[in-house]
Amino acid sequence: MTSPLARFNSAPRPDALAALHEVCASPAWGARLLAGRPYASSDELLAASDAATGALTGTDLDEALAGHPPIGRPTPGDPVSAREQRGVAGASDALRAELTDLNLAYQDRFGHVFLICATGTTGEQVRDALVQRLAHTPEQERDIARAELGKINRIRLTRLVAGPAPSVSTHVLDTSRGRPAAGVPVAVSARTGADAVWTALGASATDADGRCKDLPALPDGTRHVRLVFDTGAYYAATTAAGSTTTPAEAQQDAPALRDSGAFFPDVTVAFAVAPGEHHHVPLLLNPFGYSVYRGS
């Protein structure tokens, strides 16, 4: 199967330019990357992007900045800007109004859109960055905007040549009962890297077979996933329903359950994922211990 990078290397010039324009609105940046084809690896392409971003003239940089919508107002119908501003999408009305006022003040002061690599960033963090950067000189802001543009270009290029987003699934086995654990709530979060902020994607619960069949899809660019299993709720429900598990007090050398109904009221599992791959991560659970592994 031809890799996305190989397809980019061999794409007709108009198609490759169109794809690059979706990454960065500067024609000079796109032309420089196009001239460097073919690229032997994604790292080589990203290095070329860094060099091209650093070589942008003032006019080129203005063209690149003009291609980005204001924070809090992603371009209607554009999944790229909506995805990158996901952390701001759930902001309160008050925070949205504050971001709008700060954005307008920034544009009045510097004459261009406020640019920040918002992937994995919360609305509060964007607001704090706006407040801090409003105190900068125009020269400082141009340098910062160029650096943020470079980060965004890297993320978008990575999506372009990385292939489909990864996916995850899980199931839970109650080893103390020797049967699937049904009704365990599972919350899913994702982030784009070790320094990024976790973004909540949604939640599900295990079915009668102990499986979650409707976990939310992972966004493009996901590198780490976190599953939080609400084991306390599961044990509270099984106890109320009359679990067949031998009470802890009757087990030799076994400590009593804590007030929560389980020694581990929740289990958090964070793991790395790779683009285009499916990751099945089961949980083996008992009242006083658990283990996880990458399954198939």
# chains A, B, ... in the order shown; residues from 1 in each chain; ligands from 1
>>> select_by_dssp(residues="stretch 17-204 of chain A", states="strand (DSSP E)", output="list in words")
Ser167, Val168, Ser169, Val172, Leu173, Asp174, Arg179, Pro180, Pro185, Val186, Ala187, Val188, Ser189, Ala190, Arg191, Thr199, Ala200, Leu201, Gly202, Ala203 and Ser204 of chain A
>>> write_last_selection(atoms="C-alpha atoms", output="tab-separated table (two decimals), in the first residue's frame")
chain	number	residue	atom	x	y	z
A	167	SER	CA	-8.60	4.05	17.13
A	168	VAL	CA	-9.07	2.36	20.51
A	169	SER	CA	-11.31	-0.22	22.15
A	172	VAL	CA	-13.22	-5.37	31.24
A	173	LEU	CA	-13.04	-8.80	32.88
A	174	ASP	CA	-13.86	-9.22	36.57
A	179	ARG	CA	-17.01	-13.14	34.03
A	180	PRO	CA	-17.22	-9.88	32.03
A	185	PRO	CA	-18.32	3.66	33.02
A	186	VAL	CA	-15.32	4.53	30.82
A	187	ALA	CA	-14.24	8.11	30.01
A	188	VAL	CA	-11.88	8.86	27.12
A	189	SER	CA	-9.41	11.73	26.75
A	190	ALA	CA	-6.69	12.39	24.18
A	191	ARG	CA	-3.71	14.67	23.64
A	199	THR	CA	-8.96	16.90	25.96
A	200	ALA	CA	-12.07	15.01	27.08
A	201	LEU	CA	-13.69	13.22	24.12
A	202	GLY	CA	-16.65	11.50	25.74
A	203	ALA	CA	-17.68	8.46	27.75
A	204	SER	CA	-19.30	5.05	27.41
>>> residues_around(residues="stretch 97-111 of chain A", least_positions_apart="4", cutoff="8 Å", atoms="only C-alpha atoms", output="list of chain:residue names")
A:Pro70, A:Ile71, A:Gly72, A:Asp93, A:Arg127, A:Leu130, A:Val131, A:Leu134, A:Pro138, A:Glu141
>>> atom_distance(atom1="atom CA of A:Val23", atom2="atom CA of A:Arg156")
5.6 Å
>>> closest_residue(among="A:Arg294, A:His112, A:Arg146, A:Arg37", to="A:Ala55", atoms="only C-alpha atoms")
A:Arg146
>>> closest_residue(among="A:Ala19, A:Gly150, A:Arg96, A:Ser3", to="A:Ala51", atoms="only C-alpha atoms")
A:Gly150
>>> residues_around(residues="A:Asp60", least_positions_apart="2", cutoff="10 Å", atoms="only C-alpha atoms", output="short mmCIF file (atom, residue, chain, number, x, y, z; two decimals) with N, CA and C atoms, in the first residue's frame")
data_model
loop_
_atom_site.label_atom_id
_atom_site.label_comp_id
_atom_site.auth_asym_id
_atom_site.auth_seq_id
_atom_site.Cartn_x
_atom_site.Cartn_y
_atom_site.Cartn_z
N ALA A 25 -1.33 29.22 4.33
CA ALA A 25 -1.86 30.06 3.25
C ALA A 25 -0.79 30.83 2.50
N SER A 26 0.46 30.75 2.91
CA SER A 26 1.53 31.48 2.22
C SER A 26 1.96 30.73 0.96
N PRO A 27 1.79 31.32 -0.23
CA PRO A 27 2.26 30.67 -1.46
C PRO A 27 3.77 30.41 -1.45
N ALA A 28 4.54 31.31 -0.82
CA ALA A 28 5.99 31.14 -0.77
C ALA A 28 6.37 29.91 0.03
N TRP A 29 5.67 29.70 1.14
CA TRP A 29 5.93 28.51 1.96
C TRP A 29 5.62 27.24 1.17
N THR A 53 9.22 28.24 7.00
CA THR A 53 8.55 29.19 7.89
C THR A 53 9.53 30.26 8.35
N ALA A 55 12.01 31.38 6.72
CA ALA A 55 12.42 32.21 5.58
C ALA A 55 11.33 33.14 5.09
N LEU A 56 10.13 33.08 5.67
CA LEU A 56 9.03 33.93 5.21
C LEU A 56 9.37 35.40 5.38
N THR A 57 9.13 36.19 4.35
CA THR A 57 9.27 37.64 4.46
C THR A 57 8.09 38.20 5.25
N GLY A 58 8.14 39.49 5.53
CA GLY A 58 7.04 40.11 6.25
C GLY A 58 5.72 39.96 5.50
N ASP A 62 2.36 37.80 6.61
CA ASP A 62 1.01 38.38 6.64
C ASP A 62 0.02 37.48 5.89
N GLU A 63 0.44 36.94 4.75
CA GLU A 63 -0.43 36.06 3.98
C GLU A 63 -0.74 34.78 4.77
N ALA A 64 0.25 34.26 5.46
CA ALA A 64 0.04 33.06 6.25
C ALA A 64 -0.91 33.33 7.42
N LEU A 65 -0.73 34.46 8.10
CA LEU A 65 -1.59 34.80 9.23
C LEU A 65 -3.02 35.03 8.79
N ALA A 66 -3.18 35.61 7.60
CA ALA A 66 -4.53 35.91 7.10
C ALA A 66 -5.33 34.64 6.84
#
>>> closest_residue(among="A:Thr238, A:Thr206, A:Thr137, A:Ser92", to="A:Gly123", atoms="only C-alpha atoms")
A:Ser92
>>> residues_around(residues="A:Arg7", least_positions_apart="2", cutoff="12 Å", atoms="only C-alpha atoms", output="PyMOL selection string")
chain A and resi 1-5+9-13+15-16+19+37-39+160-163
>>> select_by_dssp(residues="stretch 15-109 of chain A", states="alpha helix (DSSP H)", output="VMD selection string")
chain A and resid 15 to 23 27 to 35 42 to 54 58 to 66 79 to 84 86 to 89 93 to 109
>>> closest_residue(among="A:Trp198, A:Phe114, A:Phe8, A:Phe288", to="A:Gly232", atoms="only C-alpha atoms")
A:Phe288
>>> closest_residue(among="A:Ser176, A:Ser49, A:Thr122, A:Asn286", to="A:Thr231", atoms="only C-alpha atoms")
A:Asn286
>>> closest_residue(among="A:Thr158, A:Gln140, A:Thr239, A:Thr119", to="A:Leu46", atoms="only C-alpha atoms")
A:Thr158
>>> residues_around(residues="A:Ala145", least_positions_apart="3", cutoff="8 Å", atoms="only C-alpha atoms", output="PyMOL selection string")
chain A and resi 114-116+141-142+148-149
>>> atom_distance(atom1="atom CA of A:Gly193", atom2="atom CA of A:Arg223")
5.6 Å
>>> atom_distance(atom1="atom CA of A:Glu22", atom2="atom CA of A:Lys151")
14.8 Å
